[in-house]
Amino acid sequence: MAKAATVPTAAVMYIPRWLWGGDPSAFFSEARLRGQLLDPDAGSWRVRTDEGWRRSRPSLVTVSHLAGPGVQRPRFDVLRRLAATDTPAVVSSDSIADEINRLGKRAAETGNPADAIAHSQLQIMAVRSVELPDAVRGVYENLVDVGLVGDPGEKVFANAGVHIFQRAPALIHRLKVASVWLRVLSDDKLGLGDLSQIKVAAAAGENAFASSQGLYDGIYTLDAYIAPLLGALSPAVWSFHAVRMIGTIAYTLGQPIAGTHGTAAELLHVLPNQDAYESSKIPALSANASTASLDWWADGLNDLFAILGDPAVFTDGDGSYVPAKHLHALMTVEQLFRRVASIQTSYRDANARRTLLFTVLDTLERLTGRDLPALCSLQLAQKTFSTLTEDISANAGEVLLPGAKRAITALEEVQEGFFIKRQTGTLDIEWNDPRTGPRRLTPAEAAAQYIKILRDSTHGHGSNRVNQVVRTNALLTHHNGNIPHDLALLGYLYLLDLISRPEDLRMALHQGGKT
């Protein structure tokens, strides 16, 4: 019997002598890594994570609940204790102050929630650190004080809450290793310990270790990784955020509100566009649903980053660390989160959502090893959703699962689009291939293949592969071409699945990482 594949627990890494001022052990301490010197002359070390060495759960991403349901007494003092390490995300200036005042005036005049939230976001991002606790509290108190039109005593956001997502400083040290090592490997002088160019770059205010940094910069405040959570009930809005250097502050409304207007909300919306042709129901949330969903997501991100920050995952067959493999994984995972979030915010543009779905499915193929037809299989989608309902608590599921359920319904509707089958009374989609004779696919198989055809059509419709031309034309003939708006949420369904199965991701990244 073949031995089951495993991921190494440690990586052999070359550690430059000049790293961290010539003290690699200090770097290990800051990154929560354990290093064992193997060869002083070669500078090779065996490196593993602190949690792996201790056989404990990491604490790389956390969420703290500052106020709201389940919080007995507001804890805004947490922000005061963090003030020493905090800086505004937006540099304060006269123009920023003017913009905050303008947004505040506009919010007061229009009564539009979007204007009020935009004002609150900018205010929190720009306020001085010492003023942050009071600013965050003020926004929260304004939220819970919003009364129902016609009945001010009935509070719309009575179950509102405030929370802060934070990442451990060690996480950045772990994740930046890839960019640092790639620079070292590509710079002979630096590899030999000549730091002159690095010092010149630093003096000019440049980052000497910025290899592809802009493609995974969401790691700093985690906003890219929280975005799909905040958009989970799109087109309804149940939460909003504001970024600070200490983390991302999330406000939960307690009750979702409509995130779109029925008519054009801005001039761009009057331009020709494919909009959603079906409406989405806004769910009601129980008092603890928001907090539970944030807890589930934070736990998932903690496990995710434990994998992305473990150099042992990104090793070759000899156990040596491969920085390019690491960098590819960081960029691929962030790309997945950002594009799922873009699907959620592109509710008014069906074509953009569908195109984003295809790129998300391609990304998932890299991360999971499942090809596109498998990911578009109703059987797999239903099985995935069923597993998620078992893994996610009922409270958290109120926020996290409706979008995934809508994806299942949309996939079922794709099957219903095979109109010739219905009109002829056949069970399957049938056609004749001149080369091989009669062919057939079940509706589930045909739907998965049809979606793949649409994905391939990003290069233009029609197949240039001789063995697929007849099938492609047959499926295009049999289907009416009506694609449900919510089909794009398949990307969200499988993102939840990826978050919920960290060990599968660990294995996939180790075995399938491209170098």
# chains A, B, ... in the order shown; residues from 1 in each chain; ligands from 1
$ residues_around --residues "stretch 405-422 of chain A" --least-positions-apart "5" --cutoff "6 Å" --atoms "only C-alpha atoms" --output "number ranges by chain"
A: 429, 443, 447, 478-480, 484, 486-487, 489-490
$ residues_around --residues "A:Pro24" --least-positions-apart "6" --cutoff "9 Å" --atoms "only C-alpha atoms" --output "PyMOL selection string"
chain A and resi 15-18+35
$ residues_around --residues "A:Phe240" --least-positions-apart "4" --cutoff "9 Å" --atoms "only C-alpha atoms" --output "number ranges by chain"
A: 117, 121, 230, 249-253
$ select_by_dssp --residues "stretch 176-323 of chain A" --states "strand (DSSP E or B)" --output "PDB file with C-alpha atoms, in the first residue's frame"
ATOM      1  CA  ALA A 236     -28.083  43.395   1.082  1.00  0.00           C
ATOM      2  CA  VAL A 237     -25.547  45.061   3.391  1.00  0.00           C
ATOM      3  CA  TRP A 238     -25.202  43.798   6.945  1.00  0.00           C
ATOM      4  CA  SER A 239     -21.814  45.265   7.887  1.00  0.00           C
ATOM      5  CA  PHE A 240     -19.248  47.889   6.944  1.00  0.00           C
ATOM      6  CA  HIS A 241     -15.630  48.476   7.850  1.00  0.00           C
ATOM      7  CA  ALA A 242     -12.976  51.101   8.451  1.00  0.00           C
ATOM      8  CA  VAL A 243      -9.265  50.407   8.164  1.00  0.00           C
ATOM      9  CA  ARG A 244      -6.627  51.336  10.727  1.00  0.00           C
ATOM     10  CA  GLY A 247      -6.539  46.249  12.093  1.00  0.00           C
ATOM     11  CA  THR A 248      -9.916  46.485  10.451  1.00  0.00           C
ATOM     12  CA  ILE A 249     -12.835  47.775  12.473  1.00  0.00           C
ATOM     13  CA  ALA A 250     -16.124  46.151  11.449  1.00  0.00           C
ATOM     14  CA  TYR A 251     -19.559  47.500  12.301  1.00  0.00           C
ATOM     15  CA  THR A 252     -22.398  44.994  12.134  1.00  0.00           C
ATOM     16  CA  LEU A 253     -25.861  46.435  11.650  1.00  0.00           C
ATOM     17  CA  GLY A 254     -27.699  43.548  13.265  1.00  0.00           C
ATOM     18  CA  GLN A 255     -30.243  43.673  10.473  1.00  0.00           C
ATOM     19  CA  PRO A 256     -29.360  43.748   6.745  1.00  0.00           C
ATOM     20  CA  ILE A 257     -30.581  46.628   4.620  1.00  0.00           C
ATOM     21  CA  ALA A 258     -30.932  46.943   0.858  1.00  0.00           C
ATOM     22  CA  THR A 315       9.325  23.181  -0.029  1.00  0.00           C
ATOM     23  CA  SER A 320      14.254  23.048   0.763  1.00  0.00           C
ATOM     24  CA  TYR A 321      12.225  26.249   0.882  1.00  0.00           C
TER      25      TYR A 321
END
$ select_by_dssp --residues "stretch 80-281 of chain A" --states "helix (DSSP H, G or I)" --output "count of residues only"
100
$ residues_around --residues "A:Thr62" --least-positions-apart "5" --cutoff "9 Å" --atoms "only C-alpha atoms" --output "VMD selection string"
chain A and resid 164 to 168 295 298 to 299 301 to 302
